[in-house]
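A.B. asks: Got a structure for you, entry17.cif, holding mmCIF, C-alpha atoms and all ligand atoms.
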```
data_structure
loop_
_atom_site.label_atom_id
_atom_site.label_comp_id
_atom_site.auth_asym_id
_atom_site.auth_seq_id
_atom_site.Cartn_x
_atom_site.Cartn_y
_atom_site.Cartn_z
CA MET A 1 -33.19 -27.30 30.10
CA LYS A 2 -31.26 -24.66 32.05
CA ASN A 3 -27.96 -26.41 31.23
CA LYS A 4 -28.89 -26.55 27.54
CA LYS A 5 -29.57 -22.80 27.58
CA LEU A 6 -26.25 -22.12 29.33
CA LEU A 7 -24.37 -24.28 26.84
CA GLY A 8 -26.12 -22.48 23.95
CA ARG A 9 -25.08 -19.11 25.37
CA PHE A 10 -21.49 -20.32 25.80
CA LEU A 11 -21.30 -21.67 22.22
CA GLN A 12 -22.62 -18.37 20.86
CA ASN A 13 -19.11 -17.06 21.57
CA PHE A 14 -17.85 -18.85 18.46
CA GLN A 15 -19.92 -16.42 16.42
CA ASN A 16 -19.21 -13.27 18.42
CA PRO A 17 -16.95 -13.71 21.46
CA LYS A 18 -18.08 -11.71 24.48
CA GLY A 19 -16.93 -11.42 28.11
CA PHE A 20 -14.92 -13.99 30.03
CA CYS A 21 -16.36 -17.01 28.18
CA GLY A 22 -15.48 -15.28 24.89
CA LYS A 23 -11.85 -15.04 26.01
CA ILE A 24 -11.79 -18.75 26.90
CA ILE A 25 -13.13 -19.63 23.45
CA LEU A 26 -10.60 -17.34 21.73
CA TRP A 27 -7.78 -18.95 23.69
CA GLY A 28 -9.06 -22.39 22.63
CA MET A 29 -9.50 -21.38 18.96
CA ASN A 30 -5.97 -19.95 18.80
CA LYS A 31 -4.73 -23.44 19.64
CA GLY A 32 -7.43 -25.57 18.03
CA HIS A 33 -7.46 -23.93 14.60
CA SER A 34 -3.68 -23.92 14.05
CA SER A 35 -3.56 -27.17 12.06
CA LEU A 36 -6.33 -25.98 9.70
CA SER A 37 -4.76 -22.55 9.20
CA HIS A 38 -1.25 -23.98 8.61
CA TRP A 39 -2.68 -26.32 5.99
CA GLY A 40 -4.71 -23.51 4.41
CA MET A 41 -1.78 -21.12 4.28
CA SER A 42 0.37 -23.80 2.60
CA HIS A 43 -1.70 -23.30 -0.60
CA ILE A 44 -0.22 -19.85 -1.14
CA THR A 45 3.36 -18.96 -2.06
CA TRP A 46 3.84 -15.99 0.24
CA ILE A 47 5.82 -12.90 -0.75
CA GLN A 48 7.77 -11.14 2.02
CA ASP A 49 6.32 -7.64 1.58
CA TRP A 50 2.69 -8.50 0.99
CA ASN A 51 -0.11 -6.65 2.76
CA VAL A 52 -2.66 -9.09 4.16
CA LEU A 53 -6.09 -8.83 5.80
CA ASP A 54 -7.47 -11.58 8.06
CA VAL A 55 -11.26 -11.21 8.36
CA GLY A 56 -12.84 -12.64 11.52
CA CYS A 57 -9.35 -12.72 13.02
CA GLY A 58 -10.57 -14.02 16.40
CA GLY A 59 -7.75 -14.37 18.93
CA GLY A 60 -5.04 -13.33 16.46
CA ALA A 61 -2.96 -16.54 16.22
CA ASN A 62 -3.40 -16.56 12.43
CA LEU A 63 -2.27 -12.92 12.25
CA ALA A 64 0.93 -13.98 14.04
CA GLN A 65 1.44 -16.75 11.51
CA ILE A 66 0.88 -14.41 8.54
CA LEU A 67 3.31 -11.85 10.04
CA LYS A 68 5.96 -14.60 9.82
CA HIS A 69 5.06 -15.35 6.19
CA CYS A 70 5.33 -11.65 5.28
CA PRO A 71 8.21 -10.26 7.39
CA GLN A 72 8.31 -7.00 5.43
CA GLY A 73 4.59 -6.58 4.95
CA LYS A 74 1.70 -5.20 6.95
CA VAL A 75 -0.94 -7.50 8.38
CA TYR A 76 -4.42 -6.31 9.28
CA GLY A 77 -7.10 -8.05 11.31
CA ILE A 78 -10.76 -7.18 11.55
CA ASP A 79 -13.41 -8.78 13.73
CA ILE A 80 -16.99 -7.95 14.67
CA SER A 81 -16.22 -8.68 18.33
CA GLN A 82 -14.35 -6.13 20.45
CA VAL A 83 -13.24 -8.97 22.75
CA SER A 84 -11.60 -10.67 19.74
CA VAL A 85 -9.96 -7.39 18.74
CA ASP A 86 -8.49 -6.85 22.23
CA PHE A 87 -7.32 -10.48 22.39
CA ALA A 88 -5.71 -10.32 18.92
CA ARG A 89 -3.99 -7.03 19.74
CA LYS A 90 -2.53 -8.52 22.92
CA ARG A 91 -1.44 -11.67 21.06
CA ASN A 92 0.49 -9.51 18.53
CA LYS A 93 1.56 -6.69 20.84
CA GLU A 94 5.22 -6.64 19.71
CA LEU A 95 4.27 -5.64 16.16
CA LEU A 96 1.08 -3.74 16.94
CA SER A 97 0.78 -0.36 15.16
CA THR A 98 3.98 -0.96 13.19
CA ARG A 99 3.28 -4.06 11.10
CA CYS A 100 0.07 -5.34 12.69
CA PHE A 101 -3.24 -3.46 12.88
CA VAL A 102 -6.44 -4.84 14.36
CA GLU A 103 -9.84 -3.14 14.15
CA GLN A 104 -13.41 -3.83 15.14
CA GLY A 105 -15.82 -4.01 12.19
CA THR A 106 -17.83 -6.23 9.89
CA VAL A 107 -16.87 -7.91 6.65
CA ASN A 108 -19.97 -6.31 5.09
CA GLU A 109 -18.37 -2.88 5.30
CA LEU A 110 -14.58 -3.15 5.29
CA PRO A 111 -12.90 0.13 6.34
CA TYR A 112 -10.14 -0.12 3.70
CA THR A 113 -9.48 1.45 0.32
CA ASN A 114 -9.94 -0.44 -2.96
CA ASN A 115 -7.12 -2.83 -4.04
CA LYS A 116 -5.25 -2.47 -0.72
CA PHE A 117 -4.45 -6.13 -0.01
CA ASP A 118 -2.44 -8.86 -1.73
CA VAL A 119 -4.23 -11.55 0.27
CA VAL A 120 -7.44 -11.69 2.31
CA THR A 121 -7.91 -14.69 4.60
CA ALA A 122 -10.97 -16.08 6.41
CA PHE A 123 -10.48 -19.01 8.80
CA GLU A 124 -13.52 -20.71 10.35
CA THR A 125 -15.63 -17.58 10.01
CA VAL A 126 -17.74 -17.57 6.81
CA TYR A 127 -20.39 -19.67 8.62
CA PHE A 128 -21.30 -16.54 10.59
CA TRP A 129 -21.31 -13.91 7.83
CA ASP A 130 -24.92 -12.87 7.40
CA HIS A 131 -24.78 -11.90 3.72
CA LEU A 132 -22.12 -13.82 1.79
CA PRO A 133 -22.59 -12.09 -1.61
CA LEU A 134 -22.17 -8.69 0.04
CA ALA A 135 -19.20 -9.90 2.10
CA PHE A 136 -17.43 -11.52 -0.88
CA THR A 137 -18.01 -8.40 -3.00
CA GLU A 138 -16.40 -6.32 -0.24
CA VAL A 139 -13.42 -8.70 -0.13
CA ALA A 140 -13.07 -8.45 -3.92
CA ARG A 141 -13.11 -4.65 -3.63
CA VAL A 142 -10.18 -4.49 -1.18
CA LEU A 143 -8.12 -7.15 -3.04
CA ARG A 144 -5.64 -6.02 -5.66
CA GLY A 145 -5.93 -7.37 -9.24
CA LYS A 146 -4.36 -10.82 -8.96
CA GLY A 147 -4.68 -11.02 -5.16
CA TYR A 148 -5.78 -14.16 -3.34
CA PHE A 149 -8.82 -14.78 -1.17
CA LEU A 150 -8.18 -17.78 1.09
CA ILE A 151 -11.15 -19.40 2.85
CA CYS A 152 -10.70 -22.31 5.26
CA CYS A 153 -13.53 -24.27 6.85
CA GLU A 154 -13.35 -27.31 9.08
CA MET A 155 -17.04 -27.95 8.25
CA ASN A 156 -18.50 -28.04 4.73
CA ASP A 157 -21.47 -30.40 4.86
CA PRO A 158 -24.66 -28.29 4.80
CA TYR A 159 -26.70 -31.33 5.90
CA GLU A 160 -24.73 -31.63 9.16
CA LYS A 161 -26.90 -29.63 11.57
CA THR A 162 -25.27 -30.36 14.96
CA TRP A 163 -23.42 -27.04 15.21
CA PRO A 164 -25.93 -24.84 13.34
CA ASN A 165 -28.60 -26.18 15.74
CA ARG A 166 -26.47 -25.09 18.68
CA ILE A 167 -25.19 -21.75 17.39
CA GLU A 168 -27.82 -19.26 16.27
CA GLY A 169 -27.06 -17.68 12.90
CA MET A 170 -24.50 -20.34 11.87
CA LYS A 171 -24.71 -21.78 8.37
CA ILE A 172 -22.47 -24.45 6.82
CA TYR A 173 -21.72 -24.17 3.09
CA SER A 174 -20.47 -26.83 0.71
CA GLY A 175 -17.45 -26.12 -1.47
CA ASP A 176 -19.78 -25.83 -4.46
CA ASP A 177 -22.05 -23.34 -2.62
CA LEU A 178 -19.05 -21.14 -1.84
CA LYS A 179 -17.66 -21.49 -5.36
CA LEU A 180 -20.94 -20.31 -6.87
CA ILE A 181 -21.28 -17.29 -4.56
CA LEU A 182 -17.63 -16.37 -5.17
CA SER A 183 -18.09 -16.48 -8.92
CA GLU A 184 -21.20 -14.28 -8.60
CA SER A 185 -19.24 -11.81 -6.45
CA GLY A 186 -16.39 -11.01 -8.81
CA PHE A 187 -14.03 -14.00 -8.44
CA ILE A 188 -13.03 -15.67 -11.71
CA SER A 189 -10.58 -18.35 -10.62
CA VAL A 190 -11.72 -20.54 -7.69
CA THR A 191 -9.71 -23.61 -6.63
CA LEU A 192 -10.89 -26.07 -3.97
CA TYR A 193 -8.62 -28.23 -1.79
CA ARG A 194 -9.81 -30.88 0.64
CA ARG A 195 -8.22 -32.69 3.59
CA LYS A 196 -10.40 -35.17 5.50
CA ASN A 197 -13.47 -33.05 6.24
CA ALA A 198 -11.72 -29.70 5.86
CA LEU A 199 -12.06 -27.38 2.89
CA CYS A 200 -9.71 -24.70 1.63
CA ILE A 201 -10.56 -22.33 -1.21
CA VAL A 202 -8.15 -20.07 -3.06
CA ALA A 203 -9.99 -17.50 -5.20
CA GLN A 204 -8.74 -14.74 -7.50
CA LYS A 205 -10.59 -11.85 -9.18
C1 LIG A 301 -15.03 -19.32 15.01
S1 LIG A 301 -14.22 -17.76 15.18
C2 LIG A 301 -12.72 -18.00 14.23
C3 LIG A 301 -11.64 -17.06 14.65
C4 LIG A 301 -10.31 -17.19 13.92
N1 LIG A 301 -10.44 -16.88 12.51
C5 LIG A 301 -9.73 -18.55 14.11
O1 LIG A 301 -9.57 -19.29 13.12
O2 LIG A 301 -9.41 -18.93 15.25
C6 LIG A 301 -15.18 -16.69 14.14
C7 LIG A 301 -14.78 -15.24 14.26
O3 LIG A 301 -15.43 -14.51 13.22
C8 LIG A 301 -15.90 -13.28 13.76
N2 LIG A 301 -17.01 -12.78 12.93
C9 LIG A 301 -18.26 -13.28 12.85
N3 LIG A 301 -19.01 -12.58 11.99
C10 LIG A 301 -18.21 -11.60 11.49
C11 LIG A 301 -18.41 -10.55 10.56
N4 LIG A 301 -19.60 -10.36 9.96
N5 LIG A 301 -17.38 -9.71 10.28
C12 LIG A 301 -16.18 -9.90 10.89
N6 LIG A 301 -15.93 -10.86 11.80
C13 LIG A 301 -16.92 -11.73 12.10
C14 LIG A 301 -16.30 -13.64 15.19
O4 LIG A 301 -16.40 -12.53 16.03
C15 LIG A 301 -15.20 -14.61 15.60
O5 LIG A 301 -14.10 -13.97 16.21
#
```
Take the structure in the file and write it out as structure tokens.
C.D. replies:
Amino acid sequence: MKNKKLLGRFLQNFQNPKGFCGKIILWGMNKGHSSLSHWGMSHITWIQDWNVLDVGCGGGANLAQILKHCPQGKVYGIDISQVSVDFARKRNKELLSTRCFVEQGTVNELPYTNNKFDVVTAFETVYFWDHLPLAFTEVARVLRGKGYFLICCEMNDPYEKTWPNRIEGMKIYSGDDLKLILSESGFISVTLYRRKNALCIVAQK
């Protein structure tokens, strides 16, 4: 019972990394999510001077990847966890405050002006957003006219309860669930890609 509680507390760091265990999880996610994020990013033809926002940026490995895709652009990260923000800043310290900017905050209230970004990305994070219509509407607000919203999820079977049972507040969405909420939040074009169990969505306003 005690071990189950400890494990539950440890796994909660996937939703909002905190303390030393949070740092361990961020280190692991930077490595473990690279295949998914490389695959997801391959669905976009990147332009060198694009401005990009990665929401739920975690440990910042995906920011580093995007900085390579857009060598003349600016890349922003935002995460609800201060431990993630510190980790991501450290991971991208060479370009911090010149081409890379990382802030603490929630997707429900993005601290950016309208139409600021060419691309907004979200890797392995929408499961934890507590109000998807609000979050997607915020993303649409900060995206420029024909900008892209890229969502990547390793899990997309809502009937698979193993992880949601372990991590409080986690919800798994199917591709069709996400497509419907996107279209109700201002996205007109929504394309789904699948690889084994993984799902990638590219949406445009
Ligand atoms: C499973 S991690 C994924 C991190 C990173 N995107 C990756 O692929 O390695 C989920 C991240 O989303 C962040 N997050 C959860 N809810 C959020 C919210 N409402 N707004 C912004 N970030 C959030 C968490 O703090 C955590 O760093």
A.B. asks: Within 6 Å of ligand LIG 301 (chain A), which residues of chain A show up? Give each one with its shortest atom-to-atom distance in Å (one decimal) and the two atoms involved, counting all atoms listed in the file, rows by chain then rising residue number, as CSV.
C.D. replies:
```
residue,atom,partner,partner_atom,distance
A:Phe14,CA,A:LIG301,C1,4.5
A:Gln15,CA,A:LIG301,C14,4.7
A:Asn16,CA,A:LIG301,O4,3.8
A:Pro17,CA,A:LIG301,O4,5.6
A:Met29,CA,A:LIG301,O2,4.4
A:Asn30,CA,A:LIG301,O2,5.0
A:His33,CA,A:LIG301,O1,5.3
A:Val55,CA,A:LIG301,C12,5.7
A:Gly56,CA,A:LIG301,N6,3.6
A:Cys57,CA,A:LIG301,N1,4.3
A:Gly58,CA,A:LIG301,O5,3.5
A:Asp79,CA,A:LIG301,N6,3.8
A:Ile80,CA,A:LIG301,N6,4.2
A:Ser81,CA,A:LIG301,O4,4.5
A:Ser84,CA,A:LIG301,O5,5.4
A:Thr106,CA,A:LIG301,N5,3.5
A:Val107,CA,A:LIG301,N5,4.1
A:Phe123,CA,A:LIG301,N1,4.3
A:Glu124,CA,A:LIG301,C2,4.8
A:Thr125,CA,A:LIG301,C6,4.2
A:Phe128,CA,A:LIG301,N3,4.8
A:Trp129,CA,A:LIG301,N4,4.5
```
A.B. asks: Just the number, please: distance in Å from CA of Gly8 in chain A to CA of Leu26 in chain A, one decimal.
C.D. replies: 16.5 Å
A.B. asks: One number please: CA of Gly60 in chain A to CA of Gly32 in chain A, in Å, one decimal.
C.D. replies: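 Rounded to one decimal, the two atoms are 12.6 Å apart.
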A.B. asks: Interatomic distance between CA of Val202 in chain A and CA of Ala61 in chain A?
C.D. replies: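 One can read the CA of Val202 in chain A to CA of Ala61 in chain A distance as 20.3 Å.
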A.B. asks: With distances taken over all atoms listed in the file, which residue among A:Cys70, A:Leu132, A:Val190, A:Val52 lies nearest Phe101 in chain A?
C.D. replies: A:Val52
A.B. asks: Hey, could you make a per-residue contact list for range 45-132 of chain A against range 20-23 of chain A with 9 Å as the cut-off, showing the nearest pair of atoms and its distance in Å to one decimal, counting only C-alpha atoms, sorted by chain and number, as JSON lines?
C.D. replies:
```
{"residue": "A:Gly59", "atom": "CA", "partner": "A:Lys23", "partner_atom": "CA", "distance": 8.2}
{"residue": "A:Val83", "atom": "CA", "partner": "A:Lys23", "partner_atom": "CA", "distance": 7.0}
{"residue": "A:Ser84", "atom": "CA", "partner": "A:Lys23", "partner_atom": "CA", "distance": 7.6}
{"residue": "A:Phe87", "atom": "CA", "partner": "A:Lys23", "partner_atom": "CA", "distance": 7.4}
```
A.B. asks: Extract, using all atoms listed in the file, all DNA, RNA and protein residues at most 7 Å from Asp54 in chain A, discarding same-chain residues fewer than 6 positions from it, and format them as a PyMOL selection string.
C.D. replies: chain A and resi 63+76-78+120-122
A.B. asks: Using all atoms listed in the file, determine which residues lie at most 8 Å from Val142 in chain A, disregarding the query and same-chain residues fewer than 2 positions distant; provide the list as a list in words.
C.D. replies: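 So, after excluding close chain neighbours, the residues are Leu110, Tyr112, Thr113, Asn114, Asn115, Lys116, Phe117, Glu138, Val139, Ala140 and Arg144 of chain A.
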A.B. asks: Using only C-alpha atoms, find the one residue out of A:Lys90, A:Ser189, A:Asn51, A:Lys4 that sits nearest to Trp27 in chain A.
C.D. replies: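 Among A:Lys90, A:Ser189, A:Asn51, A:Lys4, it is A:Lys90 that comes nearest to Trp27 in chain A.
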A.B. asks: Select all residues near (-6.9, -4.7, 16.8) (cut-off 8 Å, inclusive, file coordinates), counting all atoms listed in the file, and output them as a ChimeraX atom specification.
C.D. replies: /A:77-78,85-86,88-89,101-104
A.B. asks: Point out the residue among A:Phe136, A:Trp50, A:Tyr173, A:Trp163 with the least atom-to-atom distance to Arg99 in chain A, counting all atoms listed in the file.
C.D. replies: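 Smallest separation from Arg99 in chain A among the options: A:Trp50.
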A.B. asks: Tell me which of A:Thr137, A:Gln82, A:Cys153, A:Asn197 sits closest to Lys18 in chain A, counting only C-alpha atoms.
C.D. replies: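 Selected residue with least distance to Lys18 in chain A: A:Gln82.
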A.B. asks: Have a look at A:Leu53, A:Leu192, A:Leu11, A:Cys152 and name the one nearest to Gly169 in chain A; count only C-alpha atoms.
C.D. replies: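 The closest residue to Gly169 in chain A is A:Leu11.
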A.B. asks: Which is closest to Gln72 in chain A among A:Gln48, A:Asn3, A:Ser174, A:Ser97, if we use all atoms listed in the file?
C.D. replies: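 Ranked by minimum distance to Gln72 in chain A, first place goes to A:Gln48.
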